[in-house]
Every structure is written in C-alpha cells, then in structure tokens.
Amino acid sequence: IVGNSTMIQFILLINKQGQTRLAKYYFDITVEERIALEGELIRKCLSRTELQCSFVEHRQYKAIYRRYASLYFIIGVDDEDENELSYLEFIHTLVETLDRYFENVCELDIMFNLEKTHFIIDEMILNGCIVEANKVSILQPIKEMDKDHS
C-alpha cells in the first residue's frame, strides 16, 4: 500500500473517553514523553468534528485518524510524508482484519485480546513499514496458533 521510504512512527487505539487501549511505537520514547504525546493527540483528535479532515499535524508528526464505533485509530507518520489517504486506507484494512478475526471487533475484544491484536498489527507492520495488507495472509499465522492451543 505504502512505499518503503515512509515510516509509521506509532499506532494508537483510543476510546471516546480518551483512554489509550493500545499503543505501539516504532521508535524509542520515554514513558513521560509518551504520556505527553498521547494526551496532546487525544485532545486534538477527540475535539475535532466529523466535518473536519482526518489529518492533524502535531510536533514533528502527521497524525492520520479514523473513528470506528467507540474507537479512534490513530497513526503517526513522518511530517514530510504526503500520502495521507493511503494511511486512511491502511487503517480501514486494519479494522477489517480485526473484524474478520474477532467477528465484529469491539473495544472489549481488543482489551481482552491485546496480545492477539498486537500480533495482527505485527503481521501488517515491520519496523514502521507496512509489509502486508492481505487479510488472509495476515490472519493465517494467528489461526494456526489458535488451532495449536485448542
């Protein structure tokens, strides 16, 4: 979906109350910086209306976000990256993949299956680069693991 030169810096899943449900960073960041960054981004994204675009410049990042039901999916990329629509498409692909695995994913699915959610994201993104967008290919390894544990 996205070329090799672009880098995802972080992925956040935030509920409507502003609580972080999943955070994945592809660079070193201290806990203090992380808390500050997430708090600022949450306030920025949650305060926007549905009529505003889904791209926000923040610090040295461009945040691309989309709301699905009660969750905001936020991706932070390098500020100079100009392919916002491909990241919106990637967020949609991520949600569809989670939907397929959890059969209509909701916030509780992610909270109670955090390890599997991280595994799905890891199948899609490697070191900040999107490496897979095929839902069947993404879910095949986790389905094999599920078979082994049943």
# chains A, B, ... in the order shown; residues from 1 in each chain; ligands from 1
$ residues_around --residues "Glu84 (chain A)" --least-positions-apart "6" --cutoff "12 Å" --atoms "only C-alpha atoms" --output "ChimeraX atom specification"
/A:1-2,6,8,53-57,61-66,74-78,90-91
$ residues_around --residues "region 23-25 of chain A" --least-positions-apart "4" --cutoff "12 Å" --atoms "only C-alpha atoms" --output "ChimeraX atom specification"
/A:7-14,19,29-31,33-35,37-38,72-77,110-111,114-115,117-119,121-122,125-128
$ write_last_selection --atoms "N, CA, C and O atoms" --output "short mmCIF file (atom, residue, chain, number, x, y, z; two decimals), in the first residue's frame"
data_model
loop_
_atom_site.label_atom_id
_atom_site.label_comp_id
_atom_site.auth_asym_id
_atom_site.auth_seq_id
_atom_site.Cartn_x
_atom_site.Cartn_y
_atom_site.Cartn_z
N MET A 7 7.50 5.95 6.90
CA MET A 7 7.62 5.26 8.17
C MET A 7 6.46 5.62 9.09
O MET A 7 6.18 6.79 9.32
N ILE A 8 5.83 4.58 9.60
CA ILE A 8 4.85 4.78 10.66
C ILE A 8 5.65 4.90 11.95
O ILE A 8 6.51 4.07 12.23
N GLN A 9 5.37 5.92 12.72
CA GLN A 9 6.09 6.13 13.99
C GLN A 9 5.34 5.52 15.17
O GLN A 9 5.96 5.04 16.10
N PHE A 10 4.00 5.53 15.08
CA PHE A 10 3.22 4.93 16.17
C PHE A 10 1.80 4.66 15.71
O PHE A 10 1.32 5.24 14.74
N ILE A 11 1.14 3.75 16.44
CA ILE A 11 -0.28 3.45 16.26
C ILE A 11 -0.92 3.53 17.64
O ILE A 11 -0.40 2.98 18.60
N LEU A 12 -2.04 4.24 17.71
CA LEU A 12 -2.78 4.35 18.96
C LEU A 12 -4.23 3.96 18.72
O LEU A 12 -4.81 4.32 17.69
N LEU A 13 -4.81 3.23 19.64
CA LEU A 13 -6.24 2.96 19.65
C LEU A 13 -6.77 3.60 20.91
O LEU A 13 -6.34 3.25 22.03
N ILE A 14 -7.68 4.55 20.74
CA ILE A 14 -8.17 5.37 21.84
C ILE A 14 -9.69 5.27 21.86
O ILE A 14 -10.33 5.35 20.81
N GLN A 19 -9.22 7.21 26.65
CA GLN A 19 -8.33 6.22 27.25
C GLN A 19 -7.59 5.45 26.15
O GLN A 19 -8.21 4.98 25.21
N ILE A 29 11.01 5.99 22.97
CA ILE A 29 10.34 7.13 23.59
C ILE A 29 10.21 6.84 25.08
O ILE A 29 9.89 5.71 25.46
N THR A 30 10.48 7.84 25.90
CA THR A 30 10.34 7.64 27.34
C THR A 30 8.86 7.60 27.72
O THR A 30 8.01 8.09 26.97
N VAL A 31 8.59 7.06 28.89
CA VAL A 31 7.21 6.98 29.36
C VAL A 31 6.62 8.38 29.50
O VAL A 31 5.47 8.62 29.12
N GLU A 33 7.45 11.16 27.83
CA GLU A 33 7.18 11.72 26.51
C GLU A 33 5.95 11.05 25.89
O GLU A 33 5.14 11.71 25.24
N ARG A 34 5.84 9.78 26.09
CA ARG A 34 4.71 9.02 25.55
C ARG A 34 3.39 9.51 26.14
O ARG A 34 2.42 9.74 25.42
N ILE A 35 3.36 9.69 27.45
CA ILE A 35 2.15 10.17 28.11
C ILE A 35 1.77 11.55 27.59
O ILE A 35 0.60 11.83 27.29
N LEU A 37 2.68 12.97 24.65
CA LEU A 37 2.30 12.87 23.24
C LEU A 37 0.89 12.33 23.10
O LEU A 37 0.06 12.89 22.37
N GLU A 38 0.59 11.24 23.80
CA GLU A 38 -0.75 10.65 23.71
C GLU A 38 -1.82 11.61 24.22
O GLU A 38 -2.87 11.77 23.59
N TYR A 72 -10.99 5.30 18.27
CA TYR A 72 -10.23 6.09 17.32
C TYR A 72 -8.95 5.32 17.01
O TYR A 72 -8.24 4.89 17.93
N PHE A 73 -8.67 5.13 15.74
CA PHE A 73 -7.43 4.52 15.29
C PHE A 73 -6.56 5.67 14.79
O PHE A 73 -6.94 6.37 13.85
N ILE A 74 -5.41 5.88 15.43
CA ILE A 74 -4.53 7.00 15.10
C ILE A 74 -3.18 6.45 14.67
O ILE A 74 -2.59 5.63 15.38
N ILE A 75 -2.71 6.90 13.52
CA ILE A 75 -1.38 6.53 13.04
C ILE A 75 -0.56 7.80 12.94
O ILE A 75 -1.00 8.79 12.36
N GLY A 76 0.63 7.77 13.53
CA GLY A 76 1.55 8.89 13.43
C GLY A 76 2.64 8.57 12.42
O GLY A 76 3.24 7.51 12.49
N VAL A 77 2.84 9.46 11.47
CA VAL A 77 3.86 9.26 10.44
C VAL A 77 4.78 10.48 10.40
O VAL A 77 4.50 11.51 11.00
N ILE A 110 -10.46 -5.99 21.87
CA ILE A 110 -9.07 -5.52 21.86
C ILE A 110 -8.49 -5.55 23.27
O ILE A 110 -7.37 -6.02 23.49
N MET A 111 -9.25 -5.10 24.25
CA MET A 111 -8.75 -5.07 25.64
C MET A 111 -8.46 -6.47 26.17
O MET A 111 -7.45 -6.68 26.84
N LEU A 114 -5.35 -8.34 23.84
CA LEU A 114 -4.33 -7.37 23.46
C LEU A 114 -3.15 -8.04 22.74
O LEU A 114 -2.65 -7.51 21.75
N GLU A 115 -2.75 -9.21 23.21
CA GLU A 115 -1.63 -9.92 22.59
C GLU A 115 -1.95 -10.28 21.13
O GLU A 115 -1.11 -10.10 20.24
N THR A 117 -4.15 -8.78 19.21
CA THR A 117 -4.24 -7.54 18.45
C THR A 117 -2.85 -7.06 18.06
O THR A 117 -2.61 -6.68 16.91
N HIS A 118 -1.91 -7.12 19.00
CA HIS A 118 -0.52 -6.76 18.68
C HIS A 118 0.05 -7.70 17.61
O HIS A 118 0.77 -7.25 16.71
N PHE A 119 -0.27 -8.97 17.71
CA PHE A 119 0.23 -9.93 16.73
C PHE A 119 -0.28 -9.59 15.33
O PHE A 119 0.48 -9.63 14.35
N ILE A 121 -1.22 -6.63 14.23
CA ILE A 121 -0.52 -5.42 13.78
C ILE A 121 0.91 -5.77 13.36
O ILE A 121 1.41 -5.26 12.35
N ASP A 122 1.56 -6.65 14.11
CA ASP A 122 2.93 -7.06 13.77
C ASP A 122 3.00 -7.79 12.43
O ASP A 122 4.02 -7.73 11.75
N ILE A 125 2.78 -4.61 9.97
CA ILE A 125 3.80 -3.56 10.03
C ILE A 125 5.08 -4.14 10.62
O ILE A 125 5.05 -4.80 11.66
N LEU A 126 6.19 -3.87 9.96
CA LEU A 126 7.50 -4.30 10.45
C LEU A 126 8.40 -3.07 10.53
O LEU A 126 8.63 -2.41 9.51
N ASN A 127 8.84 -2.74 11.74
CA ASN A 127 9.72 -1.59 11.95
C ASN A 127 9.17 -0.30 11.35
O ASN A 127 9.92 0.50 10.79
N GLY A 128 7.86 -0.13 11.40
CA GLY A 128 7.25 1.10 10.91
C GLY A 128 6.89 1.08 9.43
O GLY A 128 6.35 2.06 8.92
#
$ select_by_dssp --residues "region 11-46 of chain A" --states "helix (DSSP H, G or I)" --output "CSV table (one decimal) with all heavy atoms, in the first residue's frame"
chain,number,residue,atom,x,y,z
A,31,VAL,N,8.6,7.1,28.9
A,31,VAL,CA,7.2,7.0,29.4
A,31,VAL,C,6.6,8.4,29.5
A,31,VAL,O,5.5,8.6,29.1
A,31,VAL,CB,7.1,6.2,30.7
A,31,VAL,CG1,5.7,6.3,31.3
A,31,VAL,CG2,7.6,4.8,30.5
A,32,GLU,N,7.4,9.3,30.0
A,32,GLU,CA,6.9,10.7,30.2
A,32,GLU,C,6.6,11.3,28.8
A,32,GLU,O,5.5,12.0,28.7
A,32,GLU,CB,8.0,11.6,30.9
A,32,GLU,CG,8.2,11.2,32.3
A,32,GLU,CD,9.2,10.0,32.5
A,32,GLU,OE1,9.9,9.6,31.5
A,32,GLU,OE2,9.2,9.4,33.5
A,33,GLU,N,7.5,11.2,27.8
A,33,GLU,CA,7.2,11.7,26.5
A,33,GLU,C,6.0,11.1,25.9
A,33,GLU,O,5.1,11.7,25.2
A,33,GLU,CB,8.4,11.5,25.6
A,33,GLU,CG,9.6,12.4,26.0
A,33,GLU,CD,10.8,12.0,25.2
A,33,GLU,OE1,11.0,10.8,24.8
A,33,GLU,OE2,11.7,12.8,24.9
A,34,ARG,N,5.8,9.8,26.1
A,34,ARG,CA,4.7,9.0,25.6
A,34,ARG,C,3.4,9.5,26.1
A,34,ARG,O,2.4,9.7,25.4
A,34,ARG,CB,5.0,7.5,25.9
A,34,ARG,CG,3.9,6.6,25.3
A,34,ARG,CD,4.3,5.2,25.7
A,34,ARG,NE,3.1,4.5,25.9
A,34,ARG,CZ,3.0,3.2,26.0
A,34,ARG,NH1,4.0,2.5,25.9
A,34,ARG,NH2,1.8,2.6,26.1
A,35,ILE,N,3.4,9.7,27.5
A,35,ILE,CA,2.1,10.2,28.1
A,35,ILE,C,1.8,11.6,27.6
A,35,ILE,O,0.6,11.8,27.3
A,35,ILE,CB,2.3,10.2,29.6
A,35,ILE,CG1,2.4,8.8,30.2
A,35,ILE,CG2,1.2,11.0,30.3
A,35,ILE,CD1,2.9,8.6,31.6
A,36,ALA,N,2.8,12.4,27.5
A,36,ALA,CA,2.5,13.8,27.0
A,36,ALA,C,2.0,13.7,25.5
A,36,ALA,O,1.0,14.4,25.2
A,36,ALA,CB,3.8,14.6,27.1
A,37,LEU,N,2.7,13.0,24.6
A,37,LEU,CA,2.3,12.9,23.2
A,37,LEU,C,0.9,12.3,23.1
A,37,LEU,O,0.1,12.9,22.4
A,37,LEU,CB,3.3,12.0,22.5
A,37,LEU,CG,2.9,11.7,21.0
A,37,LEU,CD1,3.0,13.0,20.2
A,37,LEU,CD2,3.9,10.6,20.4
A,38,GLU,N,0.6,11.2,23.8
A,38,GLU,CA,-0.8,10.6,23.7
A,38,GLU,C,-1.8,11.6,24.2
A,38,GLU,O,-2.9,11.8,23.6
A,38,GLU,CB,-0.8,9.3,24.5
A,38,GLU,CG,0.0,8.2,23.8
A,38,GLU,CD,0.0,6.9,24.6
A,38,GLU,OE1,-0.9,6.7,25.4
A,38,GLU,OE2,0.9,6.1,24.3
A,39,GLY,N,-1.6,12.3,25.3
A,39,GLY,CA,-2.5,13.2,25.9
A,39,GLY,C,-2.8,14.4,24.9
A,39,GLY,O,-4.0,14.7,24.7
A,40,GLU,N,-1.8,14.9,24.3
A,40,GLU,CA,-1.9,16.0,23.4
A,40,GLU,C,-2.7,15.6,22.1
A,40,GLU,O,-3.6,16.2,21.7
A,40,GLU,CB,-0.6,16.6,22.9
A,40,GLU,CG,0.2,17.2,24.1
A,40,GLU,CD,1.7,17.4,23.8
A,40,GLU,OE1,2.1,17.1,22.6
A,40,GLU,OE2,2.4,17.8,24.7
A,41,LEU,N,-2.3,14.4,21.6
A,41,LEU,CA,-3.0,13.9,20.4
A,41,LEU,C,-4.5,13.5,20.7
A,41,LEU,O,-5.3,13.8,19.8
A,41,LEU,CB,-2.3,12.7,19.8
A,41,LEU,CG,-1.3,12.9,18.8
A,41,LEU,CD1,-0.5,11.7,18.4
A,41,LEU,CD2,-1.9,13.6,17.6
A,42,ILE,N,-4.7,12.9,21.8
A,42,ILE,CA,-6.1,12.6,22.2
A,42,ILE,C,-7.0,13.8,22.2
A,42,ILE,O,-8.0,13.9,21.6
A,42,ILE,CB,-6.1,11.8,23.5
A,42,ILE,CG1,-5.5,10.4,23.3
A,42,ILE,CG2,-7.5,11.7,24.1
A,42,ILE,CD1,-5.2,9.7,24.6
A,43,ARG,N,-6.5,14.8,22.9
A,43,ARG,CA,-7.2,16.1,23.0
A,43,ARG,C,-7.5,16.7,21.6
A,43,ARG,O,-8.6,17.2,21.3
A,43,ARG,CB,-6.5,17.1,23.9
A,43,ARG,CG,-6.7,16.8,25.4
A,43,ARG,CD,-6.2,17.9,26.3
A,43,ARG,NE,-4.7,18.1,26.2
A,43,ARG,CZ,-3.9,17.3,26.8
A,43,ARG,NH1,-4.3,16.3,27.6
A,43,ARG,NH2,-2.6,17.5,26.8
A,44,LYS,N,-6.5,16.7,20.8
A,44,LYS,CA,-6.6,17.2,19.4
A,44,LYS,C,-7.6,16.5,18.6
A,44,LYS,O,-8.5,17.0,17.9
A,44,LYS,CB,-5.2,17.2,18.7
A,44,LYS,CG,-4.7,18.5,18.3
A,44,LYS,CD,-3.4,18.4,17.6
A,44,LYS,CE,-2.8,19.8,17.6
A,44,LYS,NZ,-1.5,19.9,17.0
A,45,CYS,N,-7.5,15.1,18.5
A,45,CYS,CA,-8.3,14.3,17.7
A,45,CYS,C,-9.8,14.3,18.2
A,45,CYS,O,-10.7,14.4,17.4
A,45,CYS,CB,-7.8,12.9,17.5
A,45,CYS,SG,-6.2,12.8,16.6
A,46,LEU,N,-10.0,14.1,19.5
A,46,LEU,CA,-11.3,14.0,20.0
A,46,LEU,C,-12.1,15.3,20.0
A,46,LEU,O,-13.3,15.3,19.9
A,46,LEU,CB,-11.3,13.5,21.4
A,46,LEU,CG,-11.4,11.9,21.6
A,46,LEU,CD1,-10.2,11.2,21.0
A,46,LEU,CD2,-11.6,11.5,23.0
$ residues_around --residues "Met124 (chain A)" --least-positions-apart "6" --cutoff "10 Å" --atoms "only C-alpha atoms" --output "VMD selection string"
chain A and resid 90 93 to 94 97 118 130 to 135 137 to 139
$ select_by_dssp --residues "region 15-117 of chain A" --states "strand (DSSP E)" --output "PyMOL selection string"
chain A and resi 15+20-25+55-58+61-68+71-78
$ closest_residue --among "A:Asp148, A:Glu103, A:Glu50, A:Asp79" --to "Arg67 (chain A)" --atoms "only C-alpha atoms"
A:Glu50
$ closest_residue --among "A:Val136, A:Cys106, A:Leu22, A:Cys129" --to "Tyr87 (chain A)" --atoms "only C-alpha atoms"
A:Cys129
$ atom_distance --atom1 "CA of Asn104 (chain A)" --atom2 "CA of Leu71 (chain A)"
13.0 Å
